[in-house]
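J.: The following block contains the structure, expressed as structure tokens.
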Amino acid sequence: MNTMSQDYCPNCKAQLKDSMFGTNKMLAQSVTDVINAANEKETLGYCNKCGDDLFVTSLSKLRGDIKRLKHDLATSYQIAIPAITIPNPAKWEYEVLGLVTAQSVTGTGLFSEVNMTISDALGKESESMNKKIAEAEIVCVNRLRDKTVEMGGNAIVALNIDYSEIGSLRGMLMVCCTGTAIKITNTTILNIGVQKALTDISNYRRDLNIILAVCKPYESLS
Ligand SMILES: [Zn+2]
């Protein structure tokens with residue numbers, strides 16, 4: 001029996017052991033995947049000694065990457081995937097792909113500032129509420145854009161945005177969006193900035209899917 005490959009860590013060559021005087025074991029494949037993805041390596045495996053701390057920093061790096069990619073993706077979506085309320089825009093030739101829907105729930109931040117005067121409260125509440133509604137709208141429409149791209153589309157027509165207060169929880173607002181995903185076929189009408197953003201979108205989505213898959217086993221450890 002060849003035990004050589006089992007006895008030493010392939011990364012740091014430290015001896016693997018499991019005794020009352022100390023342990024040093026190989027880390028799980030999913031841990032190896034996280035470390036390799038964060039450091040662009042293809043190492044076969046890591047042990048407690050070389051991998052424990054590296055795993056923590058790697059996971060945190062990948063979480064940062066996820067945040068950055070989501071932000072960049074949201075920006076590119078807003079540049080490249082028009083979402084408009086009119087059902088049949090002039091000059092666009094397109095195929096209809098189907099219905100897209102999305103929801104986003106937000107706390108409005110109302111009823112929290114009990115010590116303000118009424119007029120202060122109304123002013124601040126409406127300001128904070130406007131901001132939160134605007135953010136919830138962007139999140140919601142970007143979800144529609146994401147679904148549209150998933151379906152092979154590049155624009156949304158007949159966009160409708162609806163608001164409702166949900167359940168018995170006052171101060172929770174739901175934004176619902178619906179639209180029709182389409183694929184514009186005369187893409188020569190799209191400007192160069194839009195075409196670049198479309199390329200960015202497919203790169204960001206590919207990178208994001210890879211990182212999300214690697215981090216999935218550790219979702220709860222955030
Ligand atoms: Zn090691």
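Ligands are numbered from 1 in the order shown, residues from 1 within each chain, and chains are lettered A, B, ... in the order they appear in the structure tokens.
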Taking the backbone alone, and naming residues the way the document does, which bits of segment 50-159 of chain A are strand (DSSP E or B) by DSSP, as a ChimeraX atom specification?
T.: /A:83,94-107,155-159
J.: Write as a PyMOL selection string the residues around ligand 1, taking 9 Å as the cut-off and counting only C-alpha atoms and all ligand atoms.
T.: chain A and resi 8-16+24-27+45-51
J.: Quick one: residues within 8 Å of Thr106 of chain A, only C-alpha atoms counted, chain neighbours fewer than 2 positions away excluded, as an MDAnalysis selection string?
T.: chainID A and resid 104 108 132:133 136 172:174
J.: With C-alpha atoms retained, export the selected residues as a PDB file, in the first residue's frame.
T.:
```
ATOM      1  CA  SER A 104     -38.273  43.491  -3.584  1.00  0.00           C
ATOM      2  CA  THR A 108     -39.367  52.249   4.921  1.00  0.00           C
ATOM      3  CA  LYS A 132     -35.623  53.605   0.087  1.00  0.00           C
ATOM      4  CA  ILE A 133     -38.369  53.311  -2.506  1.00  0.00           C
ATOM      5  CA  ALA A 136     -36.028  49.127  -3.985  1.00  0.00           C
ATOM      6  CA  MET A 172     -42.545  47.228   5.237  1.00  0.00           C
ATOM      7  CA  LEU A 173     -43.082  48.025   1.607  1.00  0.00           C
ATOM      8  CA  MET A 174     -43.128  45.632  -1.327  1.00  0.00           C
TER       9      MET A 174
END
```
J.: Would you pick out the contacts of segment 151-153 of chain A at 12 Å or less, using only C-alpha atoms, so that residues sharing its chain but fewer than 6 positions from it are not included, and give the list as a list in words?
T.: Tyr77, Ala80, Ile81, Pro82, Ala83, Tyr94, Glu95, Val96, Leu97, Gly98, Leu99, Val100, Leu144, Arg145, Thr180, Ala181, Ile182, Lys183, Ile184, Thr185, Thr187, Leu198 and Ser202 of chain A
J.: Identify, on the basis of only C-alpha atoms, every residue whose closest approach to segment 213-216 of chain A does not exceed 12 Å; exclude the query and any residue fewer than 3 positions from it along the same chain; express the result as a ChimeraX atom specification.
T.: /A:29-38,55-56,58-66,206-210,219-222
